Structure formats: C-alpha cells, structure tokens
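Enquirer: Structure in structure tokens, see below.
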Amino acid sequence: MDTMAVEQNGINAVPEAERHGRPRDLFWPWASSNLSLFGIAFGVYIVGLHLGVLPAIITGAIGYALSFLLVGLVAIGGTRSGVPTMTLGRAPFGYQGNKLPAAFSYISNVGWEIVLVTLSAQGGKEILARLAPGIPATTATALCFAVAAVVVIAVGVYGHAMIMAVQRYLTYVFVVLTVVYLVLMAPKLGVSLESTAGPGEWTGAIIFAMTLLGLGWVNCGADYSRYLPSSSSPRSVALWTTLGGALPPMVLLVFGVLLAGGDPKLAADAGSDPVAALAGALPTWFLLPYLLTAIGGFLAGAIMDIYSSGLSMLALGVPVRRHYAVLIDGVLMVLGGYYLLFVSTSFLGTFQSFLAIIGVVMAAWVAIFLVDMWRLRAGGASYDERLLRPGAPALNLAGVVSLVVASVVGIGLITSADQNIAKVVGFLMSAELEASTFGAANIGVVIALVLAGLLYFAITAVTRRRAA
C-alpha cells in the first residue's frame, strides 16, 4: 500500500481487496506509541503505593497485560468487519445512541493529543536549555511545539499506511536509544525498597496500572486492525496487539521501579516531570538522542490519537472526509496546546483529572462492546449490514442504560486532586475509603468495566428470551 497516498477510507468497511498484512504487523504501532519515557514515571507512581521492587513489577506487569488484552480483543472486531472502533459501537448502542460514547471517545483522543504534544514541547524546551542556553525559553518551547504539531497532523492526514510505516521505524529507533539510555542510567538503579503493602495495595496497584495504560486505548483497538484480511487469526490479532502495547512499557516500568530503589530523589522528580528530571542526570553528548527518544515517544502516541479522533468524529455523524477531520482535530490540538503552554499555569492537572472521568466511561464502553461482540456477533457480516446505514436501529436501550448506570457508579468511586472536579466525583465513597489505596487507585474505572459488562449481559439475556 502506498504510504505517500492520503488514505481515502473513512468509517466505511475497508474492501477485502484493500486489506493486507499480517497480525504481527500490529506490534509496531502499539509498541511505538507506548515507548514514551513517561513509562518510567509510571513505575515511580506504582512504587508510591508502598510496594517493594518485586511487588511493584509484578502488579504493574499484570495490570499492563490485562488492560492491553482488552485492546487486543477490540482489535478482533476490526479484522472481522473492516470497520473502525467507534463505528462498531453502533451495534450495542444503536446508530444514534452510539453518539454518546463516540463523543467521549473523541474528547479523550483530542485531550491526549494536546497533553502529549504539550509534553513533547516542554521536554524539548528543557533539553534545548542544556544544548543552547542562549535560546529564550519561550522561543524554544514555541519551536518544539510547532515541529511536534506539524509532524502529528501530517502523519495523521496521510492515514493508516503512513502510520504503520512511521511507527515501525520509530520503534526501531526508540528501542536502540532506550537501551543506550538504560545503560547510562544503570548506576542509579537499586533494589532498596521496603514493602508495607498488603493484598489491598496489590489489588490497587494492578487497577492503577490498568488505568495508566491499556484502558486509555480501548476506543482505538479496531482502527489499526481493520486493514488486515478478514481471514486473519483472531488469536493472533489479539496477541500481537497485546504484546505491542504491553511489553515495551513493561521494560520502562521495571526501570522506573529500580530507579525509585536506587535514587529516590531523582525518582520523585521524574514522577512530576520525567523528561526534564531524567535529562539532568545524562551526559551532554547523549542529550540530542535523548531529545529524539523523549519527544518521539510522545509524538508516536499523539499520532495514534489524532488518527482515531478523526474516525470518532466521523462516527458522530460529522459530514467531512477523514483527512479533513484530522485537520480539524489538529486545529483543536494546536489551540489546546497553545493554552497549556503559554496561557495556563494549572490547567494540565485539571485536564488530566477530567480525562480520568472519561476513562471511566470508556471502561464501561469496552465491557459492553466485548460482551456484544462475543454473544451477539457471529461474524463480520452482521456488523457491516447493521452499522453502516443511517436507517439502522437508532437506539439500543440495553447498551445505553448499561453505559450510563455503570459510568455513574464508576465516577462515584474515583477521586481527583483537583478541588473543583473532586466535588462531582467520589460521591459513593466514604472519607476513609477515599483516603485509602483503593481511592488513590481510582477503582471506579474497573468497577465500571465489570458492572457494565454484567448489566449488558443480563439485559440482553432477558430481552432475547422474551423475543424467543
């Protein structure tokens, strides 16, 4: 497939004649998008739950694997149907009812585009300050932001073929540079961490790890598998998606945990600003490669987000071509990034807290989606026929009710460091529970996932029995 041709498919089913590749090709986009050095901070966060080295690594790895397995299972729907993720959501929610989760998906994707591009610009500014201290901070930030935004928008406009190629080569580069980086930082690693955690903290750490990684990608799983031939093995599709998304960040997770054990002060600094803190410990000769690694990791994730956000916009019914949808998203990304970088001093933390609420909704969505796919969709044909026409069923109450109920419960069981957002979340938690490990781990995300799946299973079982 020509990587230099702008992708013409939107949310239509990709014709079988255009479908190509092998399931193992899915490893590359998911690997590159999750090789960000922010993964080191994730290890530091998990250690913060009072876990020792081994418990932190074990719980983090379990959480990563479980959460990205969900993404892998969603990817099977894309191979079956040739249709992107949020369009497939029309099956359990109805043509109009699907606009509710599609809107949350769109906000989530655009939000993370803004966050990732902002982080790449901030990281570039900190490192340029070491390489060229004469450049004003505002100029350095603006330069890095402009380059990052142009790269993300350009790759997103070209679409699937370009993304698959770019992400493969980015993975190669990131792996080499990350290995060099880990070798340079090895003297700062250690295992001197005591564990005071019990079963509750272990469970909380697994849940926390799930929210840090795979649950943020469930609404994108089918977007990259839909170009595979429909005869592709479902197990292979799920396996390679899971391996690509979970294995690379596991390496960074281990590094972050060991860093906390060897240099607690540096680990604490990395937890709040990983790019700048970790750059300060490096020799100057490696700063440029480090810059490429840090910024490239953020951009790889932003590229995936801007492509999927364009597809979510189309699933909402906005009458534009896919590449124009990406351009619109790019404008929003630039405006949001400009605000975060040059106007606001506190908006980033507030915005990330808001995205935690969206995470609850998307966790509920993926449970409903997977129950629907495995119980009610025997194959891709049922998806194609049902979803792609405006005359399809407008509302599936079973899906919408399950989503709303589970989301409300889930939001009632999460916490927020932002005082304003804290007023609308956590309303089902006592003060003791809110201050506990489960409160910090935002257990409401997993509660929403389980509850939504059970509700949808029960409601559809009753309605099918009555129909029979």
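Order determines the names: the first chain of the structure tokens is A, the second B, and so forth; residues in each chain are numbered 1 upward, and ligands are numbered 1 upward as they are shown.
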Just list the residues in region 132-351 of chain A DSSP gives helix (DSSP H, G or I) on the backbone, as a VMD selection string.

Expert: chain A and resid 137 to 158 160 to 188 199 to 212 214 to 216 218 to 223 234 to 262 264 to 272 274 to 279 284 to 315 322 to 342 347 to 351

Enquirer: What's around region 85-100 of chain A at 8 Å? Count only C-alpha atoms, leave out sequence neighbours fewer than 5 positions away in its own chain, and write the answer as number ranges by chain.

Expert: A: 11, 74-75, 77-78, 105, 219-223, 311-312, 315-316, 368-369, 372, 383, 386-387, 390, 392-400

Enquirer: Extract, using only C-alpha atoms, all DNA, RNA and protein residues at most 10 Å from Leu428 (chain A), discarding same-chain residues fewer than 3 positions from it, and format them as a list of chain:residue names.

Expert: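 Counting only C-alpha atoms, the residues come to A:Val408, A:Val409, A:Gly410, A:Ile411, A:Gly412, A:Leu413, A:Ile414, A:Val425, A:Ala431, A:Leu433, A:Glu434, A:Gly444.
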
Enquirer: Store the residues picked out above, limited to N, CA and C atoms, as an mmCIF file, in the first residue's frame.

Expert:
data_model
loop_
_atom_site.group_PDB
_atom_site.id
_atom_site.type_symbol
_atom_site.label_atom_id
_atom_site.label_comp_id
_atom_site.auth_asym_id
_atom_site.auth_seq_id
_atom_site.Cartn_x
_atom_site.Cartn_y
_atom_site.Cartn_z
ATOM 1 N N VAL A 408 -22.003 6.194 35.980
ATOM 2 C CA VAL A 408 -22.347 6.957 37.185
ATOM 3 C C VAL A 408 -21.737 6.303 38.418
ATOM 4 N N VAL A 409 -21.869 4.985 38.511
ATOM 5 C CA VAL A 409 -21.282 4.264 39.655
ATOM 6 C C VAL A 409 -19.764 4.422 39.655
ATOM 7 N N GLY A 410 -19.147 4.262 38.484
ATOM 8 C CA GLY A 410 -17.693 4.365 38.397
ATOM 9 C C GLY A 410 -17.183 5.741 38.780
ATOM 10 N N ILE A 411 -17.851 6.791 38.299
ATOM 11 C CA ILE A 411 -17.448 8.162 38.635
ATOM 12 C C ILE A 411 -17.611 8.408 40.134
ATOM 13 N N GLY A 412 -18.579 7.756 40.740
ATOM 14 C CA GLY A 412 -18.762 7.879 42.181
ATOM 15 C C GLY A 412 -17.699 7.189 42.997
ATOM 16 N N LEU A 413 -16.827 6.417 42.331
ATOM 17 C CA LEU A 413 -15.790 5.653 43.042
ATOM 18 C C LEU A 413 -14.384 6.026 42.581
ATOM 19 N N ILE A 414 -14.216 7.244 42.044
ATOM 20 C CA ILE A 414 -12.871 7.731 41.732
ATOM 21 C C ILE A 414 -12.625 9.019 42.498
ATOM 22 N N VAL A 425 -17.018 13.924 41.727
ATOM 23 C CA VAL A 425 -16.616 12.514 41.715
ATOM 24 C C VAL A 425 -16.528 12.016 43.150
ATOM 25 N N ALA A 431 -15.194 8.847 53.547
ATOM 26 C CA ALA A 431 -13.934 9.568 53.703
ATOM 27 C C ALA A 431 -12.773 8.599 53.893
ATOM 28 N N LEU A 433 -12.560 5.426 52.774
ATOM 29 C CA LEU A 433 -12.267 4.751 51.510
ATOM 30 C C LEU A 433 -11.580 5.706 50.537
ATOM 31 N N GLU A 434 -11.991 6.960 50.545
ATOM 32 C CA GLU A 434 -11.402 7.938 49.631
ATOM 33 C C GLU A 434 -9.924 8.160 49.936
ATOM 34 N N GLY A 444 -12.959 2.936 40.662
ATOM 35 C CA GLY A 444 -14.204 3.097 39.921
ATOM 36 C C GLY A 444 -14.081 2.752 38.459
#

Enquirer: Provide the CA of Pro136 (chain A) to CA of Val115 (chain A) distance in Å, to one decimal place.

Expert: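 Going from CA of Pro136 (chain A) over to CA of Val115 (chain A) covers 22.5 Å.
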
Enquirer: Between A:Glu126, A:Glu7, A:Glu18, A:Asp25, which residue has the minimum interatomic distance to Thr241 (chain A), considering only C-alpha atoms?

Expert: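 Answer, going by the shortest atom-to-atom distance: A:Asp25.
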
Enquirer: Show which residues sit within 8 Å of Met333 (chain A), as number ranges by chain. Count only C-alpha atoms, and ignore same-chain residues fewer than 2 positions away.

Expert: A: 110-111, 113-114, 149, 329-331, 335-337

Enquirer: Any idea what's packed within 7 Å of region 36-42 of chain A, counting only C-alpha atoms, ignoring anything in its chain fewer than 4 positions away? Could you give it as a PyMOL selection string?

Expert: chain A and resi 46+249+252-253+255-256+270-271+274+294+297-298

Enquirer: Write out the residues from the selection above, keeping N, CA and C atoms, as an mmCIF file, in the first residue's frame.

Expert:
data_model
loop_
_atom_site.group_PDB
_atom_site.id
_atom_site.type_symbol
_atom_site.label_atom_id
_atom_site.label_comp_id
_atom_site.auth_asym_id
_atom_site.auth_seq_id
_atom_site.Cartn_x
_atom_site.Cartn_y
_atom_site.Cartn_z
ATOM 1 N N ILE A 46 3.630 3.596 40.712
ATOM 2 C CA ILE A 46 3.196 2.332 41.315
ATOM 3 C C ILE A 46 3.961 2.064 42.607
ATOM 4 N N PRO A 249 6.340 -0.938 27.425
ATOM 5 C CA PRO A 249 6.224 -0.181 28.677
ATOM 6 C C PRO A 249 6.566 -0.989 29.921
ATOM 7 N N LEU A 252 10.133 -0.202 30.672
ATOM 8 C CA LEU A 252 10.251 1.105 31.301
ATOM 9 C C LEU A 252 9.705 1.084 32.728
ATOM 10 N N LEU A 253 8.674 0.284 32.946
ATOM 11 C CA LEU A 253 8.122 0.116 34.290
ATOM 12 C C LEU A 253 9.187 -0.427 35.239
ATOM 13 N N PHE A 255 12.391 -0.293 34.923
ATOM 14 C CA PHE A 255 13.416 0.730 35.108
ATOM 15 C C PHE A 255 12.964 1.770 36.131
ATOM 16 N N GLY A 256 11.713 2.224 36.022
ATOM 17 C CA GLY A 256 11.199 3.215 36.962
ATOM 18 C C GLY A 256 11.182 2.703 38.390
ATOM 19 N N ALA A 270 11.292 12.647 38.702
ATOM 20 C CA ALA A 270 10.812 12.052 37.453
ATOM 21 C C ALA A 270 9.315 11.820 37.489
ATOM 22 N N GLY A 271 8.758 11.602 38.671
ATOM 23 C CA GLY A 271 7.327 11.389 38.779
ATOM 24 C C GLY A 271 6.520 12.609 38.407
ATOM 25 N N PRO A 274 9.135 13.852 34.120
ATOM 26 C CA PRO A 274 10.113 12.812 33.786
ATOM 27 C C PRO A 274 11.158 13.241 32.764
ATOM 28 N N ALA A 294 12.642 11.081 23.804
ATOM 29 C CA ALA A 294 11.573 11.632 24.630
ATOM 30 C C ALA A 294 10.448 12.215 23.788
ATOM 31 N N GLY A 297 8.635 9.580 21.520
ATOM 32 C CA GLY A 297 7.693 8.720 22.225
ATOM 33 C C GLY A 297 6.349 9.390 22.426
ATOM 34 N N PHE A 298 6.372 10.663 22.799
ATOM 35 C CA PHE A 298 5.110 11.395 22.958
ATOM 36 C C PHE A 298 4.400 11.558 21.615
#

Enquirer: Just want the 9 Å neighbourhood of region 163-170 of chain A, counted on only C-alpha atoms, with same-chain residues fewer than 6 positions away dropped. Output as number ranges by chain.

Expert: A: 3, 25-33, 155-156, 224, 296-297, 300, 303-304, 307

Enquirer: Determine the nearest neighbour of Phe104 (chain A) from the options A:Thr242, A:Asn9, A:Ser309, A:Thr211, counting only C-alpha atoms.

Expert: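 Between A:Thr242, A:Asn9, A:Ser309, A:Thr211, the residue approaching Phe104 (chain A) most closely is A:Ser309.
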
Enquirer: Quick one: which region 271-348 of chain A residues come within 12 Å of region 138-141 of chain A, and what is the nearest atom pair for each with the distance in Å to one decimal, counting only C-alpha atoms, rows ordered by chain and ascending number, as JSON lines?

Expert:
{"residue": "A:Gly337", "atom": "CA", "partner": "A:Thr141", "partner_atom": "CA", "distance": 10.9}
{"residue": "A:Tyr338", "atom": "CA", "partner": "A:Thr141", "partner_atom": "CA", "distance": 10.1}
{"residue": "A:Leu340", "atom": "CA", "partner": "A:Thr141", "partner_atom": "CA", "distance": 11.5}
{"residue": "A:Leu341", "atom": "CA", "partner": "A:Thr141", "partner_atom": "CA", "distance": 7.9}
{"residue": "A:Phe342", "atom": "CA", "partner": "A:Thr138", "partner_atom": "CA", "distance": 8.2}
{"residue": "A:Val343", "atom": "CA", "partner": "A:Thr138", "partner_atom": "CA", "distance": 11.7}

Enquirer: Give me a file of those residues, with C-alpha atoms, as a PDB file, in the first residue's frame.

Expert:
ATOM      1  CA  GLY A 337      -1.523  23.075  23.332  1.00  0.00           C
ATOM      2  CA  TYR A 338      -1.032  26.830  22.996  1.00  0.00           C
ATOM      3  CA  LEU A 340      -1.454  24.824  28.134  1.00  0.00           C
ATOM      4  CA  LEU A 341       1.998  26.082  27.196  1.00  0.00           C
ATOM      5  CA  PHE A 342       1.597  29.845  27.051  1.00  0.00           C
ATOM      6  CA  VAL A 343      -1.534  30.812  28.998  1.00  0.00           C
TER       7      VAL A 343
END
